[in-house]
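**Student:** Here it is, the structure, as structure tokens.
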Amino acid sequence: MPELPEVETIKLVLQRRIIGLTIKKIQILSPKSFIGNPNSAEGQKVLKIERFAKLLAVNLGEVNLLFHLKMTGQLILQGESVKREGERYIGGHPTEDMMGKMPNSHTRVIFSFSDGSKLYFNDQRRFGWVKIIDNGKLTIDNLGPEPLEKEFNWQILKKNLLKHKSQPVKVVLMDQSVVSGVGNIYSNEACFNAKIDPRTKVSNLSNLQFKRLHLGVLKSLRDGIAHGGSTRAHFRDPEGHKGYFLDYAYVYGLDKHPCKVCKTIIKKIQLGGRGTYYCSNCQK
DNA sequence: TTAAATGTTTAAAT
DNA sequence: CATTTAAACATTTA
């Protein structure tokens, strides 16, 4: 699920825990999930961790480990000190088995660090991947502006959205070349925040609505990060309670539930082939 | 049994 | 040719 807030939260956790550690060993359990030669990463020290849209780049000097978790990817960090505290750091769409023993049947790659801690890349559907990328080649094509950077304003959002003027606004928001890191969850939430019907064609939006949408995107992403990502990127795991998925959402996954603002029943429709949730009273 | 699920790319249809 | 829709990827759960 990892959209921007989830990946950002994973980044913050990893920056705190694995920078300065050396990768001792990389075990590839699913060849499809690892692209490149793992030898070039083994023995290297983690220097820097960055996020680009939904991608995570772990810099090892000459090379980077570039992660894309796609739909069901998870990163689970279990360290020696972490284990003693009965704690584990996780990021990704929550499932029962991510609280259990590692590795498990969905573990695709295991990174072992110099201090004994391990990072597990789990991915049920195997859409996600880890790639070795030379440092000079770490540019990702077709990425729009990072919404949390101050250069991002409503005029830029408007200009980029207008690349697909006849499309519903909710669909265009998910286009990574329009704005980086917004996926299905936050696109739904952003439209709710902006009080805009997700079906509205981009060409029919007023400047006022573009402004509201700009703020709505920011609010949804910031709320997501404030909640540790919609998936709870770190988790205290003595007995394995369930991560609470999206308790804070206004509309995503809440069809047939009353709107948290006006009690109108949330509707679910299909837009661009994706589940789309909205309140017909709040969003017009 | 069918449908849907956090994402992206590619092919097919309009 | 540009734009839009569907399919594909793989697996599980409702």
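Numbering starts fresh at 1 for the residues of each chain in the structure tokens, the chains themselves are lettered A, B, ... in the order given, and ligands are numbered from 1 as they appear.
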Pull the alpha helix (DSSP H) assignments for range 31-171 of chain A out of DSSP run on the backbone, and list those residues as an NGL selection string.
**Tutor:** :A and (80-84 or 154-161 or 169-171)
**Student:** So that each row is one residue of chain A with an atom at most 9 Å from chain C, can you give its shortest atom pair and the distance in Å to one decimal, using only C-alpha atoms (C1' of nucleotides), rows by chain and rising number, as CSV?
**Tutor:**
residue,atom,partner,partner_atom,distance
A:Gln124,CA,C:DT11,C1',6.3
A:Arg125,CA,C:DA10,C1',4.7
A:Arg126,CA,C:DA10,C1',6.4
A:Phe127,CA,C:DC9,C1',6.6
A:His164,CA,C:DT3,C1',8.7
A:Gln167,CA,C:DT4,C1',8.9
A:Gly272,CA,C:DT5,C1',7.9
A:Gly273,CA,C:DT5,C1',8.5
**Student:** Taking a cut-off of 8 Å and counting only C-alpha atoms (C1' of nucleotides), can you build a table that, for each residue of chain A near chain B, reports the nearest atom pair and how far apart they are in Å (one decimal), sorted by chain then residue number, as JSON lines?
**Tutor:**
{"residue": "A:Met1", "atom": "CA", "partner": "B:DT6", "partner_atom": "C1'", "distance": 2.6}
{"residue": "A:Pro2", "atom": "CA", "partner": "B:DT6", "partner_atom": "C1'", "distance": 5.8}
{"residue": "A:Glu3", "atom": "CA", "partner": "B:DT6", "partner_atom": "C1'", "distance": 7.3}
{"residue": "A:Lys70", "atom": "CA", "partner": "B:DG7", "partner_atom": "C1'", "distance": 4.8}
{"residue": "A:Met71", "atom": "CA", "partner": "B:DT6", "partner_atom": "C1'", "distance": 4.7}
{"residue": "A:Thr72", "atom": "CA", "partner": "B:DT6", "partner_atom": "C1'", "distance": 6.6}
{"residue": "A:His93", "atom": "CA", "partner": "B:DT6", "partner_atom": "C1'", "distance": 6.6}
{"residue": "A:Gly183", "atom": "CA", "partner": "B:DT6", "partner_atom": "C1'", "distance": 7.8}
{"residue": "A:Asn184", "atom": "CA", "partner": "B:DT6", "partner_atom": "C1'", "distance": 7.4}
{"residue": "A:Ile185", "atom": "CA", "partner": "B:DT6", "partner_atom": "C1'", "distance": 7.5}
**Student:** How about saving the chosen residues, all heavy atoms kept, as a PDB file, in the first residue's frame?
**Tutor:**
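Saved result, selection_30.pdb, follows:
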ATOM      1  N   MET A   1       0.803  -1.150   0.000  1.00  0.00           N
ATOM      2  CA  MET A   1       0.000   0.000   0.000  1.00  0.00           C
ATOM      3  C   MET A   1       0.823   1.177   0.000  1.00  0.00           C
ATOM      4  O   MET A   1       0.436   2.228  -0.343  1.00  0.00           O
ATOM      5  CB  MET A   1      -0.738   0.011   1.249  1.00  0.00           C
ATOM      6  CG  MET A   1      -0.577   1.259   1.969  1.00  0.00           C
ATOM      7  SD  MET A   1      -1.534   1.341   3.194  1.00  0.00           S
ATOM      8  CE  MET A   1      -2.151  -0.084   3.375  1.00  0.00           C
ATOM      9  N   PRO A   2       1.930   0.803   0.371  1.00  0.00           N
ATOM     10  CA  PRO A   2       2.827   1.909   0.535  1.00  0.00           C
ATOM     11  C   PRO A   2       2.603   3.042  -0.456  1.00  0.00           C
ATOM     12  O   PRO A   2       2.882   2.927  -1.615  1.00  0.00           O
ATOM     13  CB  PRO A   2       4.190   1.264   0.376  1.00  0.00           C
ATOM     14  CG  PRO A   2       3.972  -0.100   0.877  1.00  0.00           C
ATOM     15  CD  PRO A   2       2.547  -0.427   0.671  1.00  0.00           C
ATOM     16  N   GLU A   3       2.071   4.106   0.070  1.00  0.00           N
ATOM     17  CA  GLU A   3       2.050   5.360  -0.677  1.00  0.00           C
ATOM     18  C   GLU A   3       3.037   6.270   0.039  1.00  0.00           C
ATOM     19  O   GLU A   3       3.756   5.807   0.918  1.00  0.00           O
ATOM     20  CB  GLU A   3       0.627   5.950  -0.686  1.00  0.00           C
ATOM     21  CG  GLU A   3      -0.361   5.041  -1.402  1.00  0.00           C
ATOM     22  CD  GLU A   3      -1.791   5.571  -1.394  1.00  0.00           C
ATOM     23  OE1 GLU A   3      -1.969   6.785  -1.577  1.00  0.00           O
ATOM     24  OE2 GLU A   3      -2.714   4.775  -1.202  1.00  0.00           O
ATOM     25  N   LYS A  70       5.274  -1.751  -4.205  1.00  0.00           N
ATOM     26  CA  LYS A  70       4.050  -2.005  -4.980  1.00  0.00           C
ATOM     27  C   LYS A  70       2.872  -2.280  -4.052  1.00  0.00           C
ATOM     28  O   LYS A  70       2.656  -1.558  -3.109  1.00  0.00           O
ATOM     29  CB  LYS A  70       4.277  -3.132  -5.978  1.00  0.00           C
ATOM     30  CG  LYS A  70       5.280  -2.776  -7.062  1.00  0.00           C
ATOM     31  CD  LYS A  70       4.731  -1.784  -8.042  1.00  0.00           C
ATOM     32  CE  LYS A  70       5.728  -1.443  -9.128  1.00  0.00           C
ATOM     33  NZ  LYS A  70       5.762  -2.391 -10.222  1.00  0.00           N
ATOM     34  N   MET A  71       2.078  -3.315  -4.334  1.00  0.00           N
ATOM     35  CA  MET A  71       0.823  -3.494  -3.595  1.00  0.00           C
ATOM     36  C   MET A  71       0.992  -4.106  -2.212  1.00  0.00           C
ATOM     37  O   MET A  71       0.382  -3.671  -1.240  1.00  0.00           O
ATOM     38  CB  MET A  71      -0.123  -4.383  -4.397  1.00  0.00           C
ATOM     39  CG  MET A  71      -0.466  -3.848  -5.760  1.00  0.00           C
ATOM     40  SD  MET A  71      -1.709  -2.580  -5.709  1.00  0.00           S
ATOM     41  CE  MET A  71      -3.174  -3.551  -6.034  1.00  0.00           C
ATOM     42  N   THR A  72       1.776  -5.158  -2.128  1.00  0.00           N
ATOM     43  CA  THR A  72       1.789  -5.920  -0.869  1.00  0.00           C
ATOM     44  C   THR A  72       3.172  -6.038  -0.232  1.00  0.00           C
ATOM     45  O   THR A  72       3.377  -6.881   0.627  1.00  0.00           O
ATOM     46  CB  THR A  72       1.241  -7.351  -1.102  1.00  0.00           C
ATOM     47  OG1 THR A  72       1.997  -7.973  -2.158  1.00  0.00           O
ATOM     48  CG2 THR A  72      -0.225  -7.320  -1.490  1.00  0.00           C
ATOM     49  N   HIS A  93       1.473  -2.775   3.968  1.00  0.00           N
ATOM     50  CA  HIS A  93       0.097  -3.161   4.263  1.00  0.00           C
ATOM     51  C   HIS A  93       0.089  -4.231   5.337  1.00  0.00           C
ATOM     52  O   HIS A  93       0.787  -5.222   5.232  1.00  0.00           O
ATOM     53  CB  HIS A  93      -0.560  -3.693   2.990  1.00  0.00           C
ATOM     54  CG  HIS A  93      -1.985  -4.058   3.170  1.00  0.00           C
ATOM     55  ND1 HIS A  93      -2.912  -3.166   3.628  1.00  0.00           N
ATOM     56  CD2 HIS A  93      -2.631  -5.212   2.977  1.00  0.00           C
ATOM     57  CE1 HIS A  93      -4.082  -3.770   3.690  1.00  0.00           C
ATOM     58  NE2 HIS A  93      -3.929  -5.011   3.302  1.00  0.00           N
ATOM     59  N   GLY A 183      -1.398   7.690  -4.060  1.00  0.00           N
ATOM     60  CA  GLY A 183      -2.020   6.488  -4.595  1.00  0.00           C
ATOM     61  C   GLY A 183      -3.507   6.481  -4.301  1.00  0.00           C
ATOM     62  O   GLY A 183      -4.106   7.536  -4.041  1.00  0.00           O
ATOM     63  N   ASN A 184      -4.084   5.318  -4.337  1.00  0.00           N
ATOM     64  CA  ASN A 184      -5.541   5.246  -4.264  1.00  0.00           C
ATOM     65  C   ASN A 184      -6.111   5.731  -2.929  1.00  0.00           C
ATOM     66  O   ASN A 184      -7.131   6.405  -2.894  1.00  0.00           O
ATOM     67  CB  ASN A 184      -6.004   3.812  -4.538  1.00  0.00           C
ATOM     68  CG  ASN A 184      -7.455   3.758  -4.973  1.00  0.00           C
ATOM     69  OD1 ASN A 184      -7.973   4.700  -5.564  1.00  0.00           O
ATOM     70  ND2 ASN A 184      -8.123   2.668  -4.643  1.00  0.00           N
ATOM     71  N   ILE A 185      -5.456   5.412  -1.840  1.00  0.00           N
ATOM     72  CA  ILE A 185      -5.980   5.815  -0.536  1.00  0.00           C
ATOM     73  C   ILE A 185      -5.985   7.333  -0.404  1.00  0.00           C
ATOM     74  O   ILE A 185      -7.008   7.956  -0.105  1.00  0.00           O
ATOM     75  CB  ILE A 185      -5.142   5.210   0.601  1.00  0.00           C
ATOM     76  CG1 ILE A 185      -5.280   3.683   0.607  1.00  0.00           C
ATOM     77  CG2 ILE A 185      -5.567   5.801   1.947  1.00  0.00           C
ATOM     78  CD1 ILE A 185      -4.350   3.003   1.576  1.00  0.00           C
TER      79      ILE A 185
END
**Student:** Determine which residues of range 110-276 of chain A DSSP labels as strand (DSSP E or B) from the backbone of this structure, then write them out as number ranges by chain.
**Tutor:** A: 110-113, 118-123, 129-134, 168, 201, 234-236, 258, 265, 267-271, 274-276
